[in-house]
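model_26.cif, holding mmCIF, C-alpha atoms:
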```
data_structure
loop_
_atom_site.label_atom_id
_atom_site.label_comp_id
_atom_site.auth_asym_id
_atom_site.auth_seq_id
_atom_site.Cartn_x
_atom_site.Cartn_y
_atom_site.Cartn_z
CA MET A 1 -25.64 -35.87 113.65
CA GLU A 2 -24.97 -35.16 117.36
CA GLN A 3 -23.13 -38.48 117.64
CA LEU A 4 -21.03 -37.62 114.60
CA LYS A 5 -20.11 -34.22 116.08
CA LEU A 6 -19.01 -35.81 119.35
CA GLU A 7 -16.99 -38.46 117.52
CA LEU A 8 -15.40 -35.76 115.38
CA LYS A 9 -14.37 -33.70 118.40
CA GLU A 10 -12.83 -36.74 120.07
CA ASN A 11 -10.99 -37.74 116.89
CA ILE A 12 -9.69 -34.20 116.37
CA ILE A 13 -8.45 -33.98 119.97
CA GLU A 14 -6.60 -37.26 119.56
CA ALA A 15 -5.22 -36.65 116.06
CA LEU A 16 -4.05 -33.10 116.82
CA ASN A 17 -2.76 -33.77 120.36
CA LEU A 18 -5.08 -31.18 121.89
CA GLU A 19 -4.41 -32.62 125.32
CA GLU A 20 -5.74 -29.62 127.21
CA PHE A 21 -9.16 -29.94 125.57
CA THR A 22 -12.08 -32.28 126.10
CA ALA A 23 -14.97 -32.66 123.67
CA ASN A 24 -17.04 -30.45 126.00
CA ASP A 25 -14.57 -27.58 125.55
CA ILE A 26 -15.28 -27.37 121.82
CA ALA A 27 -18.54 -25.71 120.89
CA ASP A 28 -20.18 -26.84 117.66
CA ASP A 29 -19.80 -23.40 116.11
CA ASP A 30 -16.31 -22.56 117.46
CA ALA A 31 -13.84 -21.51 114.77
CA LEU A 32 -11.34 -24.35 114.36
CA PHE A 33 -8.61 -22.05 113.01
CA GLY A 34 -7.58 -18.54 113.97
CA ASP A 35 -9.03 -17.28 117.24
CA GLY A 36 -10.99 -20.44 118.01
CA LEU A 37 -9.05 -23.64 118.65
CA GLY A 38 -5.95 -22.00 117.19
CA LEU A 39 -5.15 -24.79 114.75
CA ASP A 40 -2.36 -24.24 112.21
CA SER A 41 -1.46 -25.38 108.69
CA ILE A 42 0.01 -28.71 109.88
CA ASP A 43 -3.25 -29.37 111.75
CA ALA A 44 -5.10 -28.71 108.48
CA LEU A 45 -3.03 -31.47 106.84
CA GLU A 46 -3.83 -33.82 109.73
CA LEU A 47 -7.54 -33.05 109.30
CA ILE A 48 -7.32 -33.86 105.59
CA VAL A 49 -5.68 -37.20 106.47
CA LEU A 50 -8.34 -37.83 109.14
CA LEU A 51 -11.19 -37.22 106.68
CA ASP A 52 -9.73 -39.70 104.23
CA LYS A 53 -8.83 -42.35 106.81
CA ASP A 54 -12.00 -42.24 108.92
CA TYR A 55 -14.67 -41.19 106.43
CA GLY A 56 -13.26 -41.97 102.98
CA ILE A 57 -13.39 -38.32 101.90
CA LYS A 58 -10.57 -37.02 99.69
CA LEU A 59 -10.19 -33.25 99.69
CA THR A 60 -8.31 -31.92 96.70
CA ASP A 61 -9.35 -28.27 96.56
CA PRO A 62 -7.58 -26.13 99.22
CA GLU A 63 -10.15 -23.35 98.81
CA SER A 64 -13.05 -25.62 99.67
CA SER A 65 -11.09 -27.02 102.64
CA LYS A 66 -11.06 -23.55 104.20
CA GLU A 67 -14.84 -23.50 104.25
CA ILE A 68 -15.26 -27.13 105.32
CA PHE A 69 -12.94 -26.68 108.33
CA LYS A 70 -14.77 -23.61 109.57
CA SER A 71 -16.40 -25.31 112.56
CA ILE A 72 -17.56 -28.69 113.85
CA ASN A 73 -21.07 -27.87 112.58
CA VAL A 74 -19.86 -27.27 109.01
CA LEU A 75 -17.42 -30.19 109.06
CA ALA A 76 -20.01 -32.65 110.41
CA ALA A 77 -22.55 -31.60 107.79
CA TYR A 78 -19.97 -32.06 105.02
CA ILE A 79 -18.98 -35.50 106.30
CA ASP A 80 -22.62 -36.54 106.61
CA GLN A 81 -23.24 -35.69 102.95
CA ASN A 82 -19.97 -36.99 101.47
CA ARG A 83 -18.74 -39.91 103.53
CA THR A 84 -18.02 -43.19 101.79
CA LYS A 85 -17.39 -45.16 104.97
CA MET B 1 38.48 -7.54 124.07
CA LYS B 2 37.73 -11.04 125.33
CA GLU B 3 35.72 -11.10 128.51
CA ASN B 4 35.71 -13.64 131.27
CA LEU B 5 32.45 -15.35 130.42
CA LYS B 6 30.18 -17.12 132.87
CA ILE B 7 27.51 -19.77 133.18
CA GLN B 8 24.48 -17.85 134.40
CA SER B 9 22.30 -20.88 135.07
CA TYR B 10 22.03 -24.52 134.07
CA CYS B 11 19.41 -27.24 133.89
CA ARG B 12 19.70 -31.02 133.89
CA ILE B 13 16.80 -33.22 132.76
CA THR B 14 16.82 -37.01 132.86
CA ASN B 15 14.05 -39.63 132.78
CA ASN B 16 13.03 -39.03 136.39
CA SER B 17 14.31 -35.68 137.57
CA ILE B 18 14.81 -32.04 136.70
CA VAL B 19 17.52 -30.04 138.43
CA VAL B 20 18.07 -26.31 137.94
CA ASN B 21 21.24 -24.71 139.31
CA GLY B 22 21.83 -27.75 141.48
CA GLN B 23 18.34 -27.63 143.02
CA SER B 24 15.74 -30.29 142.30
CA VAL B 25 12.63 -28.68 140.78
CA PHE B 26 10.85 -31.88 139.80
CA GLU B 27 11.26 -35.54 140.58
CA ASN B 28 9.10 -38.55 139.83
CA LYS B 29 10.81 -41.90 140.18
CA ALA B 30 7.76 -43.69 138.75
CA ALA B 31 7.71 -41.62 135.56
CA VAL B 32 8.09 -43.75 132.45
CA PHE B 33 9.88 -42.32 129.40
CA PRO B 34 9.01 -39.68 128.14
CA GLU B 35 6.32 -38.87 130.72
CA ILE B 36 8.46 -36.59 132.89
CA LEU B 37 8.36 -33.79 130.34
CA LYS B 38 4.56 -33.68 130.33
CA LEU B 39 4.30 -34.07 134.12
CA ALA B 40 6.80 -31.27 134.67
CA TYR B 41 5.02 -29.02 132.15
CA ARG B 42 1.84 -29.39 134.17
CA GLN B 43 3.46 -28.94 137.57
CA LEU B 44 5.31 -25.85 136.42
CA ASN B 45 2.03 -24.34 135.18
CA LEU B 46 3.40 -23.49 131.76
CA ASN B 47 0.66 -22.18 129.56
CA TYR B 48 1.70 -23.14 126.03
CA PRO B 49 -0.67 -25.70 124.46
CA LYS B 50 1.65 -26.15 121.46
CA PHE B 51 3.93 -28.06 123.85
CA PHE B 52 1.67 -31.09 123.41
CA LYS B 53 2.14 -31.07 119.65
CA MET B 54 5.92 -31.21 119.95
CA ASP B 55 7.96 -34.40 119.75
CA THR B 56 9.99 -35.57 122.76
CA LEU B 57 13.20 -33.88 121.61
CA SER B 58 11.54 -30.51 121.14
CA ARG B 59 9.72 -30.87 124.46
CA LEU B 60 13.05 -31.51 126.16
CA ALA B 61 14.65 -28.46 124.53
CA PHE B 62 11.58 -26.29 125.15
CA LEU B 63 11.23 -27.24 128.82
CA SER B 64 14.95 -26.70 129.50
CA ALA B 65 14.76 -23.26 127.89
CA GLU B 66 11.62 -22.37 129.85
CA LEU B 67 13.41 -23.10 133.10
CA LEU B 68 16.48 -21.07 132.15
CA LEU B 69 14.94 -18.07 130.39
CA LYS B 70 12.09 -17.52 132.82
CA GLY B 71 12.23 -13.96 134.11
CA SER B 72 15.39 -12.97 132.25
CA HIS B 73 14.28 -12.17 128.73
CA ASN B 74 17.00 -10.95 126.39
CA SER B 75 16.07 -11.01 122.71
CA ASN B 76 19.77 -11.12 121.81
CA THR B 77 20.11 -14.72 123.01
CA ALA B 78 21.63 -17.25 120.62
CA ILE B 79 20.70 -20.94 120.74
CA VAL B 80 23.33 -23.63 120.23
CA LEU B 81 22.17 -27.18 120.85
CA SER B 82 23.68 -30.57 120.20
CA ASN B 83 23.08 -34.28 120.61
CA ARG B 84 24.12 -37.71 119.34
CA SER B 85 20.96 -39.13 117.77
CA GLY B 86 19.60 -36.15 115.89
CA SER B 87 15.84 -36.67 115.53
CA LEU B 88 16.10 -40.47 115.35
CA ASP B 89 13.34 -41.05 117.96
CA THR B 90 10.85 -39.17 115.77
CA ASP B 91 12.33 -40.47 112.51
CA LEU B 92 11.44 -43.98 113.67
CA LYS B 93 7.88 -42.95 114.52
CA HIS B 94 7.58 -41.33 111.11
CA GLN B 95 8.79 -44.55 109.46
CA GLN B 96 6.19 -46.51 111.47
CA THR B 97 3.38 -44.33 110.09
CA ILE B 98 4.71 -45.01 106.57
CA ASP B 99 4.96 -48.76 107.25
CA SER B 100 1.43 -48.85 108.66
CA GLY B 101 0.09 -48.32 105.14
CA ASP B 102 -1.77 -45.15 106.17
CA TYR B 103 -0.72 -41.67 105.23
CA PRO B 104 2.48 -40.54 106.95
CA SER B 105 1.46 -38.19 109.75
CA PRO B 106 2.18 -34.53 108.82
CA SER B 107 2.50 -33.55 112.49
CA ILE B 108 5.16 -36.23 113.09
CA PHE B 109 6.95 -35.43 109.83
CA VAL B 110 7.55 -31.78 110.79
CA TYR B 111 9.70 -32.91 113.72
CA THR B 112 12.01 -35.14 111.68
CA LEU B 113 14.83 -32.60 111.98
CA PRO B 114 16.69 -32.05 115.26
CA ASN B 115 16.88 -28.28 114.91
CA ILE B 116 13.09 -27.88 115.11
CA GLY B 117 13.53 -27.61 118.88
CA THR B 118 15.69 -24.51 118.47
CA GLY B 119 12.89 -23.03 116.37
CA GLU B 120 10.30 -23.82 119.04
CA ILE B 121 12.42 -21.99 121.64
CA ALA B 122 12.97 -19.04 119.31
CA ILE B 123 9.23 -18.73 118.63
CA ARG B 124 8.30 -18.98 122.29
CA HIS B 125 10.85 -16.38 123.45
CA LYS B 126 10.74 -14.21 120.32
CA LEU B 127 14.44 -14.73 119.62
CA ARG B 128 15.75 -13.71 116.22
CA SER B 129 19.39 -14.26 117.00
CA GLU B 130 21.63 -17.04 115.70
CA ASN B 131 20.60 -20.61 116.31
CA ALA B 132 22.31 -23.85 115.38
CA PHE B 133 22.14 -27.56 116.09
CA PHE B 134 25.14 -29.91 115.95
CA VAL B 135 25.42 -33.68 116.07
CA PHE B 136 28.37 -35.24 117.94
CA GLU B 137 29.29 -38.74 119.02
CA GLU B 138 29.14 -37.64 122.65
CA PHE B 139 28.60 -34.62 124.88
CA ASN B 140 31.12 -32.03 123.69
CA ALA B 141 31.80 -29.46 126.41
CA GLU B 142 34.79 -27.99 124.57
CA PHE B 143 32.75 -27.19 121.48
CA LEU B 144 29.91 -25.64 123.48
CA GLN B 145 32.36 -23.48 125.43
CA ASP B 146 34.20 -22.44 122.31
CA TYR B 147 31.16 -21.68 120.14
CA SER B 148 29.30 -19.74 122.80
CA SER B 149 32.44 -17.72 123.64
CA ILE B 150 32.90 -16.80 119.98
CA LEU B 151 29.28 -15.66 119.68
CA ILE B 152 29.49 -13.43 122.75
CA ASN B 153 33.03 -12.13 122.21
CA SER B 154 32.26 -11.21 118.60
CA ALA B 155 29.12 -9.38 119.78
CA LYS B 156 26.88 -11.70 117.72
CA SER B 157 24.82 -12.22 120.85
CA GLU B 158 24.78 -11.12 124.48
CA GLN B 159 24.08 -14.55 125.88
CA VAL B 160 23.89 -18.09 124.54
CA LEU B 161 21.49 -20.83 125.48
CA CYS B 162 23.43 -23.96 124.77
CA GLY B 163 23.69 -27.60 125.62
CA TRP B 164 22.91 -31.21 124.91
CA VAL B 165 19.41 -32.57 124.25
CA GLU B 166 19.54 -36.30 123.61
CA VAL B 167 16.54 -38.60 123.23
CA ASP B 168 17.26 -42.16 122.27
CA ASN B 169 16.35 -45.70 123.22
CA HIS B 170 13.82 -44.54 125.81
CA ASN B 171 16.30 -42.28 127.53
CA ILE B 172 16.26 -38.55 128.09
CA ASP B 173 19.63 -36.90 128.61
CA GLY B 174 19.33 -33.12 128.72
CA PHE B 175 21.80 -30.50 129.88
CA MET B 176 21.36 -26.87 128.98
CA PHE B 177 23.05 -23.76 130.27
CA LEU B 178 22.89 -20.04 129.72
CA ALA B 179 26.28 -18.52 128.95
CA GLY B 180 26.75 -14.79 129.42
CA LYS B 181 28.75 -12.13 131.16
CA GLN B 182 27.54 -12.78 134.68
CA GLY B 183 27.09 -15.89 136.73
CA GLU B 184 28.41 -18.08 139.48
CA TYR B 185 30.55 -20.40 137.34
CA ASP B 186 33.24 -19.65 134.77
CA LEU B 187 32.42 -20.71 131.21
CA ASP B 188 35.08 -23.38 131.33
CA THR B 189 35.19 -26.80 129.65
CA ASN B 190 35.95 -28.64 132.89
CA ILE B 191 33.14 -26.89 134.74
CA ILE B 192 30.66 -27.62 131.93
CA GLU B 193 31.70 -31.31 132.05
CA LYS B 194 31.38 -31.35 135.84
CA LEU B 195 27.90 -29.79 135.84
CA TYR B 196 26.76 -32.19 133.11
CA LYS B 197 27.99 -35.22 135.06
CA ALA B 198 26.78 -34.02 138.48
#
```

Kindly return the structure encoded in the file as structure tokens.
Amino acid sequence: MEQLKLELKENIIEALNLEEFTANDIADDDALFGDGLGLDSIDALELIVLLDKDYGIKLTDPESSKEIFKSINVLAAYIDQNRTK
Amino acid sequence: MKENLKIQSYCRITNNSIVVNGQSVFENKAAVFPEILKLAYRQLNLNYPKFFKMDTLSRLAFLSAELLLKGSHNSNTAIVLSNRSGSLDTDLKHQQTIDSGDYPSPSIFVYTLPNIGTGEIAIRHKLRSENAFFVFEEFNAEFLQDYSSILINSAKSEQVLCGWVEVDNHNIDGFMFLAGKQGEYDLDTNIIEKLYKA
């Protein structure tokens, strides 16, 4: 799981152009949206694309996405349980 | 009554240098397109992480505006920008993501309009005044002079941030100036041309 979290942070930094961040700057329980990393709605779309492309997970319910994208901890756990690749 | 309008300040950005009011503020002859914008952002200590999410055209517009509006905030500032290639540089990247067979990238897609850069400037400087983006075959000093004069003389805005932000074929060609009621140079077509070509 720790390896997945690290990989996820690195992928998010690259996909969302968070050039001023390193994986070490993102705590596992940091809020990804709002006051945490400050991601926006376009970033949410990029995360949905990333989940499908890298882990074979298709998110179709916007309400559940809100919960899944809460933090790296929550996102990693969801990927671990639902990934198809 | 029509006033004698002025160019308050101006900024020129090309692939390797940034000049503000005739003074070099950044130069890197080794910079490869479009690296200068990122290098300058870091050297100028601008604290705006969203800069990295922008496409090259918006970065060019944003950086030019930062250099001109720094320390002289006036919420009644209009934005009038122009170029030749619209958002072609980003349009091509967007097409590449489609051609790759993956999903088109949402963060690239949102920059497939040239006027997004005016929006980025307006958000950064909290400007709610008029903004517009025009596409011309070439740099059009007469239009910029005319449009900015109309905006100020009709009291639509107190000053106008206007210019040319062109990104195409691995070339950056940026010239932006702040037109208003005070300044060293007259808001004159010949002077605008001269400063652009300097």

Practice task
Could you state which residues are captured by the PyMOL selection byres ((chain B) within 10 of (chain A)) in this file, as a PyMOL selection string?
Solution key: chain B and resi 48-54+102-110

When the PyMOL selection byres ((chain A and resi 59) around 12) is applied to the file above, which residues end up in the set, as a short mmCIF file (atom, residue, chain, number, x, y, z; two decimals) with C-alpha atoms, keeping the file's coordinate frame?
```cif
data_model
loop_
_atom_site.label_atom_id
_atom_site.label_comp_id
_atom_site.auth_asym_id
_atom_site.auth_seq_id
_atom_site.Cartn_x
_atom_site.Cartn_y
_atom_site.Cartn_z
CA ALA A 44 -5.10 -28.71 108.48
CA LEU A 45 -3.03 -31.47 106.84
CA GLU A 46 -3.83 -33.82 109.73
CA LEU A 47 -7.54 -33.05 109.30
CA ILE A 48 -7.32 -33.86 105.59
CA VAL A 49 -5.68 -37.20 106.47
CA LEU A 50 -8.34 -37.83 109.14
CA LEU A 51 -11.19 -37.22 106.68
CA ASP A 52 -9.73 -39.70 104.23
CA LYS A 53 -8.83 -42.35 106.81
CA TYR A 55 -14.67 -41.19 106.43
CA GLY A 56 -13.26 -41.97 102.98
CA ILE A 57 -13.39 -38.32 101.90
CA LYS A 58 -10.57 -37.02 99.69
CA THR A 60 -8.31 -31.92 96.70
CA ASP A 61 -9.35 -28.27 96.56
CA PRO A 62 -7.58 -26.13 99.22
CA GLU A 63 -10.15 -23.35 98.81
CA SER A 64 -13.05 -25.62 99.67
CA SER A 65 -11.09 -27.02 102.64
CA LYS A 66 -11.06 -23.55 104.20
CA GLU A 67 -14.84 -23.50 104.25
CA ILE A 68 -15.26 -27.13 105.32
CA PHE A 69 -12.94 -26.68 108.33
CA TYR A 78 -19.97 -32.06 105.02
CA ILE A 79 -18.98 -35.50 106.30
CA ASN A 82 -19.97 -36.99 101.47
CA ARG A 83 -18.74 -39.91 103.53
#
```

Practice task
Step by step, work through what the PyMOL selection byres ((chain B and resi 170) around 9) selects in the shown file, and finish by giving those residues as a count of residues only.
Solution key: 10

Exercise for the section: Go through B:Gln23, B:Gln95, B:Ser82, B:Lys126 and flag the residue nearest Tyr147 in chain B, using only C-alpha atoms for the distances. Expected result: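 Closest residue, counting only C-alpha atoms: B:Ser82.
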
Coordinates of box centre and edge lengths for range 131-144 of chain B, 6 Å on every side, axis-aligned, as lines of an AutoDock Vina configuration file:
```
center_x = 27.7
center_y = -29.7
center_z = 120.9
size_x = 26.2
size_y = 30.1
size_z = 23.0
```

Handout entry: Exercise: Asn4 in chain B partners within 9 Å, all atoms listed in the file, chain neighbours under 4 positions left out, as a PyMOL selection string
Key = chain B and resi 181-182+186-187

Within 8 Å of Asn83 in chain B, counting all atoms listed in the file, which residues qualify if same-chain residues fewer than 6 places away don't, as a JSON list (two decimals) with C-alpha atoms, keeping the file's coordinate frame?
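In the end it all went to around-v6.json:
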```
[["chain", "number", "residue", "atom", "x", "y", "z"],
["B", 134, "PHE", "CA", 25.14, -29.91, 115.95],
["B", 135, "VAL", "CA", 25.42, -33.68, 116.07],
["B", 136, "PHE", "CA", 28.37, -35.24, 117.94],
["B", 137, "GLU", "CA", 29.29, -38.74, 119.02],
["B", 138, "GLU", "CA", 29.14, -37.64, 122.65],
["B", 139, "PHE", "CA", 28.60, -34.62, 124.88],
["B", 164, "TRP", "CA", 22.91, -31.21, 124.91],
["B", 165, "VAL", "CA", 19.41, -32.57, 124.25],
["B", 166, "GLU", "CA", 19.54, -36.30, 123.61]]
```

Practice task
Can you work out the spacing between CA of Cys11 in chain B and CA of Asp173 in chain B in Å, to one decimal?
Solution key: 11.0 Å

Handout entry: Distance in Å - CA of Gln3 in chain A versus CA of Asp40 in chain A
Key =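 Computing it gives 25.8 Å between the two atoms.
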